Each structure stands twice: as structure tokens, then as C-alpha cells.
$ cat work37.txt   # compact mmCIF, C-alpha atoms
# COMPACT_ATOMS: atom_id res chain seq x y z
CA MET A 210 1.83 17.50 -8.57
CA LYS A 211 4.66 15.39 -7.23
CA ASN A 212 3.46 11.92 -6.32
CA ARG A 213 4.48 11.37 -2.71
CA TYR A 214 2.02 8.79 -1.46
CA LEU A 215 1.46 6.40 -4.38
CA VAL A 216 3.98 3.99 -5.82
CA GLY A 217 3.67 1.79 -8.90
CA GLY A 218 3.78 -1.93 -8.08
CA PRO A 219 4.45 -3.60 -4.73
CA ILE A 220 6.08 -1.96 -1.73
CA THR A 221 9.26 -3.98 -1.84
CA PRO A 222 11.52 -4.84 1.11
CA LEU A 223 14.05 -2.40 -0.39
CA LEU A 224 11.50 0.43 -0.44
CA ILE A 225 10.42 -0.43 3.12
CA SER A 226 14.06 -0.23 4.18
CA GLU A 227 14.44 3.15 2.45
CA LEU A 228 11.24 4.49 4.04
CA MET A 229 12.34 3.34 7.48
CA THR A 230 15.68 5.09 7.01
CA LEU A 231 13.89 8.23 5.78
CA GLY A 232 11.57 8.25 8.78
CA ASN A 233 14.26 7.46 11.31
CA ASP A 234 16.31 10.65 11.21
CA ASP A 235 14.96 12.04 14.46
CA ASN A 236 16.71 11.23 17.73
CA GLY A 237 13.84 12.71 19.70
CA ALA A 238 11.54 9.91 18.54
CA GLY A 239 11.55 7.13 21.12
CA ALA A 240 8.84 5.06 19.43
CA VAL A 241 8.29 3.84 15.89
CA SER A 242 5.11 2.01 14.87
CA ILE A 243 4.84 0.40 11.45
CA PHE A 244 1.91 -1.20 9.65
CA ILE A 245 2.44 -3.16 6.44
CA GLY A 246 -0.63 -4.30 4.51
CA LYS A 247 -0.14 -7.36 2.28
CA VAL A 248 -2.19 -9.00 -0.46
CA ARG A 249 -3.79 -12.27 0.71
CA ASP A 250 -4.21 -15.31 -1.55
CA ASP A 251 -7.88 -15.63 -0.59
CA ASP A 252 -10.02 -18.38 -2.06
CA VAL A 253 -13.03 -16.89 -3.86
CA ASN A 254 -15.53 -19.56 -4.97
CA GLY A 255 -12.76 -22.09 -5.52
CA ASN A 256 -10.43 -19.62 -7.26
CA ARG A 257 -7.33 -18.44 -5.48
CA ILE A 258 -6.32 -14.78 -5.80
CA LYS A 259 -2.93 -14.45 -7.50
CA ALA A 260 -2.71 -10.67 -7.35
CA LEU A 261 -4.63 -7.44 -6.89
CA GLU A 262 -4.59 -4.70 -9.49
CA TYR A 263 -4.88 -1.38 -7.65
CA SER A 264 -6.10 1.80 -9.30
CA ALA A 265 -6.32 5.26 -7.76
CA TYR A 266 -7.64 8.72 -8.42
CA GLY A 267 -4.10 10.04 -8.17
CA GLU A 268 -4.68 13.78 -7.70
CA MET A 269 -7.37 13.23 -5.09
CA ALA A 270 -5.38 10.48 -3.33
CA GLU A 271 -2.45 12.85 -2.91
CA LYS A 272 -4.72 15.52 -1.46
CA GLU A 273 -6.48 13.07 0.87
CA ALA A 274 -3.21 11.47 2.03
CA ASP A 275 -1.86 14.92 2.81
CA ALA A 276 -5.01 15.64 4.84
CA ILE A 277 -4.71 12.29 6.68
CA VAL A 278 -1.13 13.04 7.72
CA LYS A 279 -2.09 16.54 8.91
CA THR A 280 -5.14 15.23 10.81
CA VAL A 281 -3.13 12.51 12.56
CA LYS A 282 -0.40 14.95 13.55
CA ALA A 283 -3.02 17.35 14.92
CA ALA A 284 -4.86 14.61 16.83
CA PHE A 285 -1.78 13.06 18.48
CA SER A 286 0.43 15.76 19.93
CA ASP A 287 3.41 13.46 20.58
CA VAL A 288 3.59 12.30 16.94
CA ARG A 289 6.64 13.55 15.08
CA LYS A 290 6.47 11.89 11.66
CA VAL A 291 3.84 10.07 9.59
CA LEU A 292 4.87 8.20 6.43
CA LEU A 293 2.19 6.71 4.23
CA VAL A 294 2.64 4.90 0.90
CA HIS A 295 0.06 2.91 -1.10
CA SER A 296 0.61 0.80 -4.19
CA THR A 297 -1.03 1.23 -7.57
CA GLY A 298 -0.90 -1.36 -10.33
CA LEU A 299 -0.24 -5.07 -9.88
CA VAL A 300 0.67 -6.45 -6.45
CA ARG A 301 0.99 -10.22 -6.13
CA ALA A 302 -0.24 -12.29 -3.20
CA GLY A 303 2.29 -12.10 -0.40
CA GLU A 304 3.58 -8.70 -1.48
CA ALA A 305 2.95 -5.45 0.39
CA SER A 306 0.57 -2.78 -0.89
CA LEU A 307 0.45 -0.39 2.05
CA PHE A 308 3.12 1.04 4.35
CA ILE A 309 2.44 3.28 7.33
CA MET A 310 5.11 4.46 9.72
CA VAL A 311 4.52 6.76 12.67
CA THR A 312 7.17 8.06 15.03
CA SER A 313 6.52 9.76 18.33
CA GLY A 314 8.28 10.67 21.52
CA HIS A 315 6.66 7.79 23.43
CA ARG A 316 4.96 4.51 22.54
CA ASP A 317 1.33 5.35 23.21
CA HIS A 318 0.83 7.92 20.48
CA SER A 319 2.84 6.09 17.81
CA ALA A 320 0.78 2.90 18.24
CA ARG A 321 -2.59 4.66 18.37
CA ALA A 322 -1.77 7.10 15.58
CA CYS A 323 -0.57 4.27 13.32
CA ARG A 324 -3.90 2.46 13.77
CA HIS A 325 -5.81 5.71 13.26
CA THR A 326 -3.88 6.40 10.03
CA LEU A 327 -4.76 2.94 8.76
CA GLU A 328 -8.47 3.44 9.44
CA MET A 329 -8.39 6.82 7.69
CA VAL A 330 -6.65 5.28 4.66
CA LYS A 331 -9.42 2.69 4.44
CA GLU A 332 -12.10 5.38 4.69
CA LYS A 333 -10.66 8.28 2.70
CA LEU A 334 -8.07 7.17 0.14
CA PRO A 335 -9.63 6.87 -3.34
CA VAL A 336 -8.09 3.52 -4.24
CA TRP A 337 -9.78 0.46 -5.81
CA LYS A 338 -8.72 -3.10 -6.39
CA LYS A 339 -9.47 -5.77 -8.94
CA GLU A 340 -8.87 -9.41 -8.11
CA ILE A 341 -6.63 -11.33 -10.49
CA PHE A 342 -6.96 -15.14 -10.42
CA MET B 204 -25.81 27.26 -21.55
CA ALA B 205 -24.82 23.99 -19.92
CA ALA B 206 -21.26 23.71 -18.66
CA ARG B 207 -18.91 21.35 -20.46
CA VAL B 208 -17.42 19.04 -17.87
CA THR B 209 -15.22 15.95 -17.72
CA VAL B 210 -16.40 12.84 -15.89
CA LEU B 211 -13.80 10.40 -14.57
CA TYR B 212 -14.83 6.81 -13.84
CA PHE B 213 -13.08 4.65 -11.25
CA GLY B 214 -13.27 1.07 -10.00
CA ALA B 215 -16.50 -0.77 -10.82
CA ALA B 216 -17.93 2.39 -12.46
CA GLN B 217 -15.11 2.34 -15.01
CA GLN B 218 -15.83 -1.29 -15.82
CA VAL B 219 -19.50 -0.42 -16.47
CA ALA B 220 -18.74 2.73 -18.49
CA GLY B 221 -15.97 1.08 -20.46
CA HIS B 222 -13.99 4.34 -20.35
CA ALA B 223 -11.77 6.17 -17.89
CA SER B 224 -13.32 9.53 -18.82
CA GLU B 225 -16.05 11.19 -20.89
CA GLU B 226 -17.23 14.68 -21.72
CA TYR B 227 -20.72 15.89 -20.78
CA ALA B 228 -22.67 19.16 -20.82
CA ALA B 229 -24.76 19.77 -17.70
CA ASP B 230 -25.94 22.62 -15.46
CA ASP B 231 -25.68 20.66 -12.23
CA THR B 232 -24.76 17.28 -10.80
CA LEU B 233 -28.38 16.09 -10.73
CA SER B 234 -28.72 16.64 -14.48
CA LEU B 235 -25.29 15.05 -14.95
CA ARG B 236 -26.32 11.93 -12.98
CA ARG B 237 -29.37 11.52 -15.23
CA GLN B 238 -27.23 11.80 -18.36
CA ILE B 239 -24.66 9.33 -17.06
CA ILE B 240 -27.41 6.79 -16.28
CA GLU B 241 -28.92 7.34 -19.74
CA ARG B 242 -25.57 6.68 -21.37
CA HIS B 243 -24.63 3.80 -19.04
CA PRO B 244 -27.79 2.20 -17.60
CA GLY B 245 -25.71 -0.49 -15.84
CA ILE B 246 -24.22 2.13 -13.56
CA VAL B 247 -27.35 2.05 -11.37
CA ARG B 248 -25.98 -1.23 -9.97
CA VAL B 249 -22.86 0.57 -8.73
CA THR B 250 -22.93 2.45 -5.44
CA PHE B 251 -20.92 5.64 -5.85
CA ARG B 252 -20.26 9.11 -4.55
CA LEU B 253 -19.26 12.14 -6.60
CA ALA B 254 -16.20 14.32 -6.25
CA LEU B 255 -16.15 17.78 -7.82
CA ASN B 256 -12.65 19.01 -8.61
CA ARG B 257 -11.17 16.43 -6.17
CA ASN B 258 -13.55 17.28 -3.30
CA LEU B 259 -16.21 14.80 -2.20
CA LEU B 260 -19.70 16.21 -2.66
CA LYS B 261 -22.14 16.02 0.24
CA GLU B 262 -25.05 17.40 -1.81
CA GLU B 263 -25.89 18.20 -5.42
CA SER B 264 -23.96 21.13 -6.88
CA LEU B 265 -24.05 23.56 -9.78
CA LEU B 266 -21.40 22.92 -12.42
CA ASN B 267 -19.00 25.33 -14.09
CA GLU B 268 -17.17 25.11 -17.38
CA ASN B 269 -14.23 22.62 -17.26
CA ASP B 270 -15.21 21.12 -13.91
CA ILE B 271 -13.97 17.59 -13.26
CA ILE B 272 -16.45 15.19 -11.71
CA ALA B 273 -15.25 11.82 -10.48
CA ILE B 274 -17.49 8.78 -10.02
CA LEU B 275 -16.17 7.10 -6.89
CA PRO B 276 -17.36 3.61 -5.88
CA PRO B 277 -16.60 2.60 -2.26
CA PHE B 278 -12.87 2.84 -1.60
CA GLU B 279 -10.91 -0.43 -1.38
CA GLY B 280 -7.42 0.62 -0.37
CA GLY B 281 -5.23 -1.03 2.24
$ encode --input "work37.txt" --output "C-alpha cells"
Amino acid sequence: MKNRYLVGGPITPLLISELMTLGNDDNGAGAVSIFIGKVRDDDVNGNRIKALEYSAYGEMAEKEADAIVKTVKAAFSDVRKVLLVHSTGLVRAGEASLFIMVTSGHRDHSARACRHTLEMVKEKLPVWKKEIF
Amino acid sequence: MAARVTVLYFGAAQQVAGHASEEYAADDTLSLRRQIIERHPGIVRVTFRLALNRNLLKEESLLNENDIIAILPPFEGG
């Protein structure tokens, strides 16, 4: 199966730029909401996190991400496009590991659907992380 | 005869098992759980759900030859 939702390593500024271009080909979309999740350099018992190593159940993640996009589109009638990308592998503190972009005709649905997509990713995407110090 | 199935371990379950996957022979997921715990007693410390052929299980299920069962600790994406 083609891997559409998972990317190896961090979601770089270049990839974000490409995704924004990809999702911005629709002149009927008056609103674009974006969420970018980044790795924090949290202090855990005196040790600072340098990176997170993400792993995923790839085949299931693709299926679940597909279902999330379909669910969000069905729940928010004004939504036109939902882009969702999650990292696997090593992502250093300060780098991005999650990108969500939702376009809609008007602002209300893009903002709410973006938040809803994020919550569904947290709940349904089979992804795990290991802290690297 | 028991079905030969593949078990995939993820997250903390993989660290306990020491493998990404293993083969088992079991009639159903309940029997499979018992065998997994026998082989990897430490796994009782890991909270996990099961997926059968990429679908989350809500209850125990019969198993068929070549099924793929995934051991899924709580998701940590985002």
C-alpha cells in the first residue's frame, strides 16, 4: 500500500511548504487551518529529551488515517481538504512530527475540523514514541 | 487444529517481547493471550489492546490460519 500519511524523520519546513502548496489548489477554500505538532525538550527526572523515536503500525496507521480524513469530511460539511502527515523514526527536539491542514469554505469549519482531526490522531493513530536523552 | 498466526509487537510490548513479531498457534485470542503471557511474563505490566488483521478488537475472537494479531499499547502519536 502506498504510504500517504507517514513520513520517515521530521516534517521539515520544506515538506510543510510542499504540503501547503498541495493543499492550496482550491480557490473555493476561503479558510485554511494548520496544526503543527513539535517535539518538546522536556526535563524528565533531570534528563532533557533530545529526540523522540516514533514507531508505527504502518498498514493500520494508513487505514486509520484514511478513516479519520473521511470522518472529518463527513462531520464538517464545509470542509474541502484534509491533509494529515505523521513522522516515524527520529525527530529531534524543536522539529515537527505532525502536520494537519484543513481547508474549508469559511473559517468556522476549518478551525473546528483541524482540532477534531488532531484529537482523532491522538486517539486512533497507532503510533508510539520512545524518549531519547 | 490450532491456526498458525503472526503476532506483531509495538511500543512497550515490543521492548518486553524483544521481537517485532513471532509465530503462534492458537484457536482464539483468549488462548493466544495466555500463550503470549507464558512466553513473555513481563507483558502483564503493559496495558494493550489487540488488533486482528488491522482492525481493533472489542471482544475475544476466533482465529484463522495466517491471521495477523497486533499487540497495541496506548497510542502516543502527535
$ atom_distance --input "work37.txt" --atom1 "CA of Val249 in chain B" --atom2 "CA of Ala273 in chain B"
13.7 Å
$ atom_distance --input "work37.txt" --atom1 "CA of His325 in chain A" --atom2 "CA of Lys339 in chain A"
25.3 Å
$ residues_around --input "work37.txt" --residues "range 277-281 of chain B" --least-positions-apart "5" --cutoff "12 Å" --atoms "all atoms listed in the file" --output "ChimeraX atom specification"
/A:215,244-249,261-266,270,274,293-297,300,305-309,326-340 /B:213-216,249-253
$ write_last_selection --input "work37.txt" --atoms "C-alpha atoms" --output "PDB file, keeping the file's coordinate frame"
ATOM      1  CA  LEU A 215       1.460   6.400  -4.380  1.00  0.00           C
ATOM      2  CA  PHE A 244       1.910  -1.200   9.650  1.00  0.00           C
ATOM      3  CA  ILE A 245       2.440  -3.160   6.440  1.00  0.00           C
ATOM      4  CA  GLY A 246      -0.630  -4.300   4.510  1.00  0.00           C
ATOM      5  CA  LYS A 247      -0.140  -7.360   2.280  1.00  0.00           C
ATOM      6  CA  VAL A 248      -2.190  -9.000  -0.460  1.00  0.00           C
ATOM      7  CA  ARG A 249      -3.790 -12.270   0.710  1.00  0.00           C
ATOM      8  CA  LEU A 261      -4.630  -7.440  -6.890  1.00  0.00           C
ATOM      9  CA  GLU A 262      -4.590  -4.700  -9.490  1.00  0.00           C
ATOM     10  CA  TYR A 263      -4.880  -1.380  -7.650  1.00  0.00           C
ATOM     11  CA  SER A 264      -6.100   1.800  -9.300  1.00  0.00           C
ATOM     12  CA  ALA A 265      -6.320   5.260  -7.760  1.00  0.00           C
ATOM     13  CA  TYR A 266      -7.640   8.720  -8.420  1.00  0.00           C
ATOM     14  CA  ALA A 270      -5.380  10.480  -3.330  1.00  0.00           C
ATOM     15  CA  ALA A 274      -3.210  11.470   2.030  1.00  0.00           C
ATOM     16  CA  LEU A 293       2.190   6.710   4.230  1.00  0.00           C
ATOM     17  CA  VAL A 294       2.640   4.900   0.900  1.00  0.00           C
ATOM     18  CA  HIS A 295       0.060   2.910  -1.100  1.00  0.00           C
ATOM     19  CA  SER A 296       0.610   0.800  -4.190  1.00  0.00           C
ATOM     20  CA  THR A 297      -1.030   1.230  -7.570  1.00  0.00           C
ATOM     21  CA  VAL A 300       0.670  -6.450  -6.450  1.00  0.00           C
ATOM     22  CA  ALA A 305       2.950  -5.450   0.390  1.00  0.00           C
ATOM     23  CA  SER A 306       0.570  -2.780  -0.890  1.00  0.00           C
ATOM     24  CA  LEU A 307       0.450  -0.390   2.050  1.00  0.00           C
ATOM     25  CA  PHE A 308       3.120   1.040   4.350  1.00  0.00           C
ATOM     26  CA  ILE A 309       2.440   3.280   7.330  1.00  0.00           C
ATOM     27  CA  THR A 326      -3.880   6.400  10.030  1.00  0.00           C
ATOM     28  CA  LEU A 327      -4.760   2.940   8.760  1.00  0.00           C
ATOM     29  CA  GLU A 328      -8.470   3.440   9.440  1.00  0.00           C
ATOM     30  CA  MET A 329      -8.390   6.820   7.690  1.00  0.00           C
ATOM     31  CA  VAL A 330      -6.650   5.280   4.660  1.00  0.00           C
ATOM     32  CA  LYS A 331      -9.420   2.690   4.440  1.00  0.00           C
ATOM     33  CA  GLU A 332     -12.100   5.380   4.690  1.00  0.00           C
ATOM     34  CA  LYS A 333     -10.660   8.280   2.700  1.00  0.00           C
ATOM     35  CA  LEU A 334      -8.070   7.170   0.140  1.00  0.00           C
ATOM     36  CA  PRO A 335      -9.630   6.870  -3.340  1.00  0.00           C
ATOM     37  CA  VAL A 336      -8.090   3.520  -4.240  1.00  0.00           C
ATOM     38  CA  TRP A 337      -9.780   0.460  -5.810  1.00  0.00           C
ATOM     39  CA  LYS A 338      -8.720  -3.100  -6.390  1.00  0.00           C
ATOM     40  CA  LYS A 339      -9.470  -5.770  -8.940  1.00  0.00           C
ATOM     41  CA  GLU A 340      -8.870  -9.410  -8.110  1.00  0.00           C
TER      42      GLU A 340
ATOM     43  CA  PHE B 213     -13.080   4.650 -11.250  1.00  0.00           C
ATOM     44  CA  GLY B 214     -13.270   1.070 -10.000  1.00  0.00           C
ATOM     45  CA  ALA B 215     -16.500  -0.770 -10.820  1.00  0.00           C
ATOM     46  CA  ALA B 216     -17.930   2.390 -12.460  1.00  0.00           C
ATOM     47  CA  VAL B 249     -22.860   0.570  -8.730  1.00  0.00           C
ATOM     48  CA  THR B 250     -22.930   2.450  -5.440  1.00  0.00           C
ATOM     49  CA  PHE B 251     -20.920   5.640  -5.850  1.00  0.00           C
ATOM     50  CA  ARG B 252     -20.260   9.110  -4.550  1.00  0.00           C
ATOM     51  CA  LEU B 253     -19.260  12.140  -6.600  1.00  0.00           C
TER      52      LEU B 253
END
$ closest_residue --input "work37.txt" --among "A:Glu227, A:Asp287, A:Asp234, A:Glu271" --to "chain B" --atoms "all atoms listed in the file"
A:Glu271
$ closest_residue --input "work37.txt" --among "B:Leu233, B:Val247, B:Lys261, B:Asn256" --to "Val219 in chain B" --atoms "all atoms listed in the file"
B:Val247
$ axis_aligned_box --input "work37.txt" --around "range 262-276 of chain B" --padding-each-side "8 Å" --output "lines of an AutoDock Vina configuration file"
center_x = -19.9
center_y = 14.5
center_z = -9.6
size_x = 27.9
size_y = 37.7
size_z = 31.6
$ atom_distance --input "work37.txt" --atom1 "CA of Gly245 in chain B" --atom2 "CA of Asn258 in chain B"
24.9 Å
$ residues_around --input "work37.txt" --residues "Asp250 in chain A" --least-positions-apart "4" --cutoff "8 Å" --atoms "all atoms listed in the file" --output "list in words"
Arg257, Ile258, Lys259, Ala260, Ala302 and Gly303 of chain A
$ closest_residue --input "work37.txt" --among "B:Asp230, B:His243, B:Arg257, B:Ser264" --to "chain A" --atoms "only C-alpha atoms"
B:Arg257
$ closest_residue --input "work37.txt" --among "A:Gly314, A:Gly267, A:Gly232, A:Gly239" --to "chain B" --atoms "all atoms listed in the file"
A:Gly267
$ residues_around --input "work37.txt" --residues "Ala229 in chain B" --least-positions-apart "2" --cutoff "10 Å" --atoms "all atoms listed in the file" --output "list in words"
Met204, Ala205, Ala206, Arg207, Val208, Glu226, Tyr227, Asp231, Thr232, Leu233, Ser234, Leu235, Arg236, Arg237, Gln238, Leu265, Leu266, Asn267 and Glu268 of chain B
$ write_last_selection --input "work37.txt" --atoms "C-alpha atoms" --output "PDB file, keeping the file's coordinate frame"
ATOM      1  CA  MET B 204     -25.810  27.260 -21.550  1.00  0.00           C
ATOM      2  CA  ALA B 205     -24.820  23.990 -19.920  1.00  0.00           C
ATOM      3  CA  ALA B 206     -21.260  23.710 -18.660  1.00  0.00           C
ATOM      4  CA  ARG B 207     -18.910  21.350 -20.460  1.00  0.00           C
ATOM      5  CA  VAL B 208     -17.420  19.040 -17.870  1.00  0.00           C
ATOM      6  CA  GLU B 226     -17.230  14.680 -21.720  1.00  0.00           C
ATOM      7  CA  TYR B 227     -20.720  15.890 -20.780  1.00  0.00           C
ATOM      8  CA  ASP B 231     -25.680  20.660 -12.230  1.00  0.00           C
ATOM      9  CA  THR B 232     -24.760  17.280 -10.800  1.00  0.00           C
ATOM     10  CA  LEU B 233     -28.380  16.090 -10.730  1.00  0.00           C
ATOM     11  CA  SER B 234     -28.720  16.640 -14.480  1.00  0.00           C
ATOM     12  CA  LEU B 235     -25.290  15.050 -14.950  1.00  0.00           C
ATOM     13  CA  ARG B 236     -26.320  11.930 -12.980  1.00  0.00           C
ATOM     14  CA  ARG B 237     -29.370  11.520 -15.230  1.00  0.00           C
ATOM     15  CA  GLN B 238     -27.230  11.800 -18.360  1.00  0.00           C
ATOM     16  CA  LEU B 265     -24.050  23.560  -9.780  1.00  0.00           C
ATOM     17  CA  LEU B 266     -21.400  22.920 -12.420  1.00  0.00           C
ATOM     18  CA  ASN B 267     -19.000  25.330 -14.090  1.00  0.00           C
ATOM     19  CA  GLU B 268     -17.170  25.110 -17.380  1.00  0.00           C
TER      20      GLU B 268
END
$ closest_residue --input "work37.txt" --among "B:Val210, B:Glu262, B:Asp270, B:Pro276" --to "chain A" --atoms "all atoms listed in the file"
B:Pro276
$ closest_residue --input "work37.txt" --among "B:Leu259, B:Ala254, B:Asn269, B:Ile274" --to "Gln218 in chain B" --atoms "all atoms listed in the file"
B:Ile274
